[in-house]
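Visitor: Got a file for you: my_file-v1.cif, mmCIF, C-alpha atoms.
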data_entry
loop_
_atom_site.group_PDB
_atom_site.id
_atom_site.type_symbol
_atom_site.label_atom_id
_atom_site.label_comp_id
_atom_site.auth_asym_id
_atom_site.auth_seq_id
_atom_site.Cartn_x
_atom_site.Cartn_y
_atom_site.Cartn_z
ATOM 1 C CA MET P 368 164.819 102.225 -67.136
ATOM 2 C CA SER P 369 162.196 101.383 -69.729
ATOM 3 C CA ILE P 370 158.618 102.517 -69.809
ATOM 4 C CA ASN P 371 157.406 98.935 -69.573
ATOM 5 C CA SER P 372 159.329 98.270 -66.366
ATOM 6 C CA VAL P 373 157.849 101.345 -64.723
ATOM 7 C CA SER P 374 154.379 100.430 -65.946
ATOM 8 C CA ALA P 375 154.797 96.979 -64.460
ATOM 9 C CA ALA P 376 155.923 98.478 -61.167
ATOM 10 C CA VAL P 377 153.035 100.909 -61.126
ATOM 11 C CA SER P 378 150.487 98.169 -61.738
ATOM 12 C CA GLY P 379 151.446 96.688 -58.365
ATOM 13 C CA VAL P 380 150.457 99.846 -56.508
ATOM 14 C CA ASN P 381 147.014 99.854 -54.981
ATOM 15 C CA LEU P 382 145.214 102.943 -56.258
ATOM 16 C CA SER P 383 141.854 102.043 -54.747
ATOM 17 C CA GLY P 384 142.832 103.367 -51.343
ATOM 18 C CA ALA P 385 142.274 100.014 -49.649
ATOM 19 C CA GLY P 386 144.822 99.471 -46.943
ATOM 20 C CA GLY P 387 145.988 103.062 -47.160
ATOM 21 C CA GLY P 388 142.618 104.780 -47.255
ATOM 22 C CA GLU P 389 142.762 105.672 -43.572
ATOM 23 C CA ASN P 390 145.809 107.906 -44.017
ATOM 24 C CA PRO P 391 144.961 111.082 -45.960
ATOM 25 C CA ARG P 392 148.620 111.552 -46.958
ATOM 26 C CA ILE P 393 148.694 108.131 -48.588
ATOM 27 C CA LYS P 394 145.414 108.796 -50.341
ATOM 28 C CA ALA P 395 146.699 112.143 -51.670
ATOM 29 C CA LEU P 396 149.924 110.529 -52.894
ATOM 30 C CA GLU P 397 147.963 107.751 -54.616
ATOM 31 C CA GLN P 398 145.830 110.362 -56.393
ATOM 32 C CA LYS P 399 148.958 112.234 -57.462
ATOM 33 C CA LEU P 400 150.453 108.966 -58.679
ATOM 34 C CA GLN P 401 147.371 108.295 -60.761
ATOM 35 C CA LYS P 402 147.591 111.771 -62.359
ATOM 36 C CA LEU P 403 151.288 111.309 -63.100
ATOM 37 C CA ASN P 404 150.567 107.973 -64.762
ATOM 38 C CA GLU P 405 147.951 109.632 -66.955
ATOM 39 C CA GLU P 406 150.454 112.373 -67.849
ATOM 40 C CA LYS P 407 153.091 109.756 -68.606
ATOM 41 C CA LYS P 408 150.696 107.915 -70.886
ATOM 42 C CA LYS P 409 150.101 111.129 -72.842
ATOM 43 C CA ALA P 410 153.843 111.791 -73.007
ATOM 44 C CA VAL P 411 154.425 108.273 -74.354
ATOM 45 C CA GLU P 412 151.775 108.832 -77.021
ATOM 46 C CA ALA P 413 153.430 112.160 -77.906
ATOM 47 C CA LYS P 414 156.839 110.392 -77.946
ATOM 48 C CA ASP P 415 158.277 112.966 -75.540
ATOM 49 C CA GLN P 416 161.020 110.799 -74.020
ATOM 50 C CA ASP P 417 162.413 113.547 -71.772
ATOM 51 C CA LYS P 418 159.035 114.097 -70.162
ATOM 52 C CA VAL P 419 158.474 110.349 -69.852
ATOM 53 C CA ARG P 420 161.812 109.948 -68.072
ATOM 54 C CA LYS P 421 161.071 112.811 -65.653
ATOM 55 C CA LEU P 422 157.609 111.442 -64.916
ATOM 56 C CA GLU P 423 159.022 107.945 -64.314
ATOM 57 C CA GLU P 424 161.434 109.369 -61.756
ATOM 58 C CA GLU P 425 158.630 111.264 -60.011
ATOM 59 C CA ILE P 426 156.417 108.165 -60.054
ATOM 60 C CA LEU P 427 159.125 106.043 -58.440
ATOM 61 C CA LYS P 428 159.726 108.701 -55.789
ATOM 62 C CA ILE P 429 156.028 108.809 -54.903
ATOM 63 C CA GLN P 430 155.791 105.008 -54.837
ATOM 64 C CA LYS P 431 158.622 104.915 -52.295
ATOM 65 C CA GLN P 432 156.877 107.555 -50.178
ATOM 66 C CA ILE P 433 153.637 105.561 -50.229
ATOM 67 C CA GLU P 434 155.425 102.365 -49.204
ATOM 68 C CA GLN P 435 157.236 104.157 -46.367
ATOM 69 C CA LEU P 436 153.989 105.657 -45.072
ATOM 70 C CA LYS P 437 152.223 102.291 -45.251
ATOM 71 C CA LYS P 438 155.033 100.623 -43.316
ATOM 72 C CA LYS P 439 154.968 103.406 -40.749
ATOM 73 C CA ASP P 440 151.187 103.064 -40.352
ATOM 74 C CA GLU P 441 151.449 99.287 -40.024
ATOM 75 C CA LYS P 442 154.139 99.624 -37.367
ATOM 76 C CA LYS P 443 151.992 102.136 -35.485
ATOM 77 C CA LYS P 444 148.998 99.755 -35.604
ATOM 78 C CA GLU P 445 151.129 96.902 -34.296
ATOM 79 C CA GLU P 446 152.426 99.045 -31.443
ATOM 80 C CA GLU P 447 148.891 100.122 -30.539
ATOM 81 C CA ALA P 448 147.739 96.506 -30.616
ATOM 82 C CA GLU P 449 150.580 95.510 -28.278
ATOM 83 C CA LYS P 450 149.582 98.258 -25.850
ATOM 84 C CA THR P 451 145.966 97.108 -25.771
ATOM 85 C CA GLY P 452 146.917 93.426 -25.695
ATOM 86 C CA GLN P 453 145.097 92.683 -28.924
ATOM 87 C CA GLU P 454 146.481 90.902 -31.931
ATOM 88 C CA PRO P 455 147.082 93.326 -34.836
ATOM 89 C CA ALA P 456 144.560 93.173 -37.642
ATOM 90 C CA ASN P 457 145.934 91.394 -40.685
ATOM 91 C CA PRO P 458 143.288 91.123 -43.407
ATOM 92 C CA GLY P 459 145.437 88.786 -45.519
ATOM 93 C CA ARG P 460 145.771 86.195 -42.743
ATOM 94 C CA VAL P 461 143.295 83.321 -42.457
ATOM 95 C CA PRO P 462 142.249 82.677 -38.849
ATOM 96 C CA ASP P 463 143.625 79.423 -37.451
ATOM 97 C CA ASP P 464 140.180 77.904 -37.016
ATOM 98 C CA LEU P 465 139.373 78.511 -40.701
ATOM 99 C CA SER P 466 142.584 77.108 -42.144
ATOM 100 C CA ILE P 467 142.205 75.158 -45.351
ATOM 101 C CA GLY P 468 142.215 71.442 -44.828
ATOM 102 C CA LYS P 469 141.285 71.440 -41.178
ATOM 103 C CA TYR P 470 137.809 70.003 -41.732
ATOM 104 C CA VAL P 471 138.389 68.131 -45.004
ATOM 105 C CA ASP P 472 138.525 64.615 -43.537
ATOM 106 C CA ARG P 473 135.609 65.177 -41.174
ATOM 107 C CA TYR P 474 133.046 64.979 -43.983
ATOM 108 C CA ALA P 475 134.743 62.461 -46.249
#
Mind converting the file's structure to C-alpha coordinates?
Guide:
Amino acid sequence: MSINSVSAAVSGVNLSGAGGGENPRIKALEQKLQKLNEEKKKAVEAKDQDKVRKLEEEILKIQKQIEQLKKKDEKKKEEEAEKTGQEPANPGRVPDDLSIGKYVDRYA
(Lines of atoms letter the chains of each structure in order from A and count residues from 1; the text may use other names and numbers.)
(Lines give C-alpha, C1' and ligand atoms only; values in the text may rest on other atoms or scores of the structure.)
Protein backbone atom coordinates (compact mmCIF):
# COMPACT_ATOMS: atom_id res chain seq x y z
CA MET A 1 0.00 0.00 0.00
CA SER A 2 1.40 3.39 -0.91
CA ILE A 3 1.60 6.44 1.27
CA ASN A 4 -0.63 8.37 -1.10
CA SER A 5 -3.43 5.81 -0.89
CA VAL A 6 -3.40 5.94 2.89
CA SER A 7 -3.29 9.73 2.85
CA ALA A 8 -6.30 9.75 0.55
CA ALA A 9 -8.14 7.37 2.86
CA VAL A 10 -7.27 9.43 5.90
CA SER A 11 -8.52 12.64 4.31
CA GLY A 12 -12.02 11.12 4.28
CA VAL A 13 -12.05 10.71 8.06
CA ASN A 14 -13.78 13.44 10.00
CA LEU A 15 -11.32 14.72 12.59
CA SER A 16 -13.50 17.60 13.75
CA GLY A 17 -15.54 15.36 16.02
CA ALA A 18 -18.80 16.20 14.25
CA GLY A 19 -21.03 13.19 14.11
CA GLY A 20 -18.81 11.29 16.52
CA GLY A 21 -18.27 14.01 19.10
CA GLU A 22 -20.89 12.57 21.44
CA ASN A 23 -18.95 9.34 21.96
CA PRO A 24 -15.75 9.91 23.97
CA ARG A 25 -14.19 6.71 22.58
CA ILE A 26 -14.61 7.97 19.03
CA LYS A 27 -13.21 11.35 19.96
CA ALA A 28 -10.17 9.73 21.63
CA LEU A 29 -9.56 7.51 18.59
CA GLU A 30 -9.83 10.51 16.26
CA GLN A 31 -7.24 12.37 18.36
CA LYS A 32 -4.95 9.33 18.27
CA LEU A 33 -5.45 9.11 14.51
CA GLN A 34 -4.44 12.74 14.14
CA LYS A 35 -1.25 12.15 16.17
CA LEU A 36 -0.39 9.07 14.12
CA ASN A 37 -0.83 11.05 10.91
CA GLU A 38 1.55 13.70 12.22
CA GLU A 39 4.06 10.98 13.14
CA LYS A 40 3.67 9.41 9.72
CA LYS A 41 4.31 12.75 8.05
CA LYS A 42 7.56 13.08 10.00
CA ALA A 43 8.53 9.52 9.11
CA VAL A 44 7.90 10.24 5.43
CA GLU A 45 10.09 13.34 5.63
CA ALA A 46 12.80 11.25 7.35
CA LYS A 47 12.35 8.55 4.66
CA ASP A 48 11.86 5.88 7.32
CA GLN A 49 9.80 3.43 5.25
CA ASP A 50 9.52 0.81 8.01
CA LYS A 51 8.02 3.32 10.40
CA VAL A 52 5.72 4.66 7.69
CA ARG A 53 4.45 1.15 6.96
CA LYS A 54 3.81 0.42 10.66
CA LEU A 55 2.03 3.74 11.13
CA GLU A 56 -0.13 3.11 8.04
CA GLU A 57 -1.22 -0.22 9.48
CA GLU A 58 -2.06 1.39 12.83
CA ILE A 59 -3.94 4.21 11.08
CA LEU A 60 -6.06 1.75 9.10
CA LYS A 61 -6.82 -0.24 12.25
CA ILE A 62 -7.98 2.89 14.08
CA GLN A 63 -10.06 4.02 11.09
CA LYS A 64 -11.89 0.68 11.14
CA GLN A 65 -12.51 1.02 14.88
CA ILE A 66 -13.93 4.52 14.41
CA GLU A 67 -16.24 3.35 11.62
CA GLN A 68 -17.45 0.40 13.71
CA LEU A 69 -18.18 2.65 16.69
CA LYS A 70 -20.02 5.16 14.50
CA LYS A 71 -22.16 2.40 13.00
CA LYS A 72 -22.87 1.02 16.45
CA ASP A 73 -23.87 4.48 17.72
CA GLU A 74 -26.09 5.07 14.69
CA LYS A 75 -27.80 1.72 15.20
CA LYS A 76 -28.35 2.53 18.87
CA LYS A 77 -29.89 5.91 17.96
CA GLU A 78 -32.21 4.26 15.45
CA GLU A 79 -33.32 1.70 18.02
CA GLU A 80 -33.97 4.43 20.59
CA ALA A 81 -35.95 6.40 18.02
CA GLU A 82 -38.07 3.34 17.24
CA LYS A 83 -38.80 2.87 20.94
CA THR A 84 -39.94 6.46 21.34
CA GLY A 85 -41.81 6.47 18.03
CA GLN A 86 -39.72 9.28 16.62
CA GLU A 87 -37.94 9.33 13.31
CA PRO A 88 -34.15 9.04 13.76
CA ALA A 89 -32.19 12.23 13.28
CA ASN A 90 -30.39 12.30 9.95
CA PRO A 91 -28.58 15.61 9.46
CA GLY A 92 -27.75 14.82 5.82
CA ARG A 93 -31.40 14.33 4.84
CA VAL A 94 -33.47 17.24 3.52
CA PRO A 95 -36.98 17.30 5.01
CA ASP A 96 -39.68 16.42 2.49
CA ASP A 97 -41.29 19.84 2.69
CA LEU A 98 -37.97 21.53 1.81
CA SER A 99 -37.08 19.33 -1.15
CA ILE A 100 -35.45 21.11 -4.05
CA GLY A 101 -37.84 21.86 -6.85
CA LYS A 102 -41.03 21.64 -4.86
CA TYR A 103 -41.77 25.37 -5.03
CA VAL A 104 -39.92 26.26 -8.24
CA ASP A 105 -42.98 26.56 -10.50
CA ARG A 106 -45.05 28.42 -7.92
CA TYR A 107 -43.12 31.66 -8.42
CA ALA A 108 -42.31 31.38 -12.11
Visitor: One number please: atom CA of Glu449 of chain P to atom CA of Arg392 of chain P, in Å, one decimal.
Guide: 24.7 Å
Visitor: Identify, on the basis of all atoms listed in the file, every residue whose closest approach to Lys428 of chain P does not exceed 12 Å; exclude the query and any residue fewer than 6 positions from it along the same chain; express the result as a VMD selection string.
Guide: chain P and resid 373 377 396 to 397 399 to 400 403 421 to 422 434 to 435
Visitor: I'd like the interatomic distance between atom CA of Ala395 of chain P and atom CA of Ala410 of chain P, to a tenth of an Å.
Guide: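 Pair atom CA of Ala395 of chain P / atom CA of Ala410 of chain P returns 22.5 Å.
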Visitor: If you measure from atom CA of Ile433 of chain P to atom CA of Asp415 of chain P, what distance in Å do you get, rounded to one decimal?
Guide: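 Those two atoms sit 26.8 Å apart.
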Visitor: Quick one: residues within 12 Å of Asp417 of chain P, only C-alpha atoms, excluding same-chain residues fewer than 6 positions away - as JSON, numbers by chain?
Guide: {"P": [370, 407, 410, 411, 423, 424]}
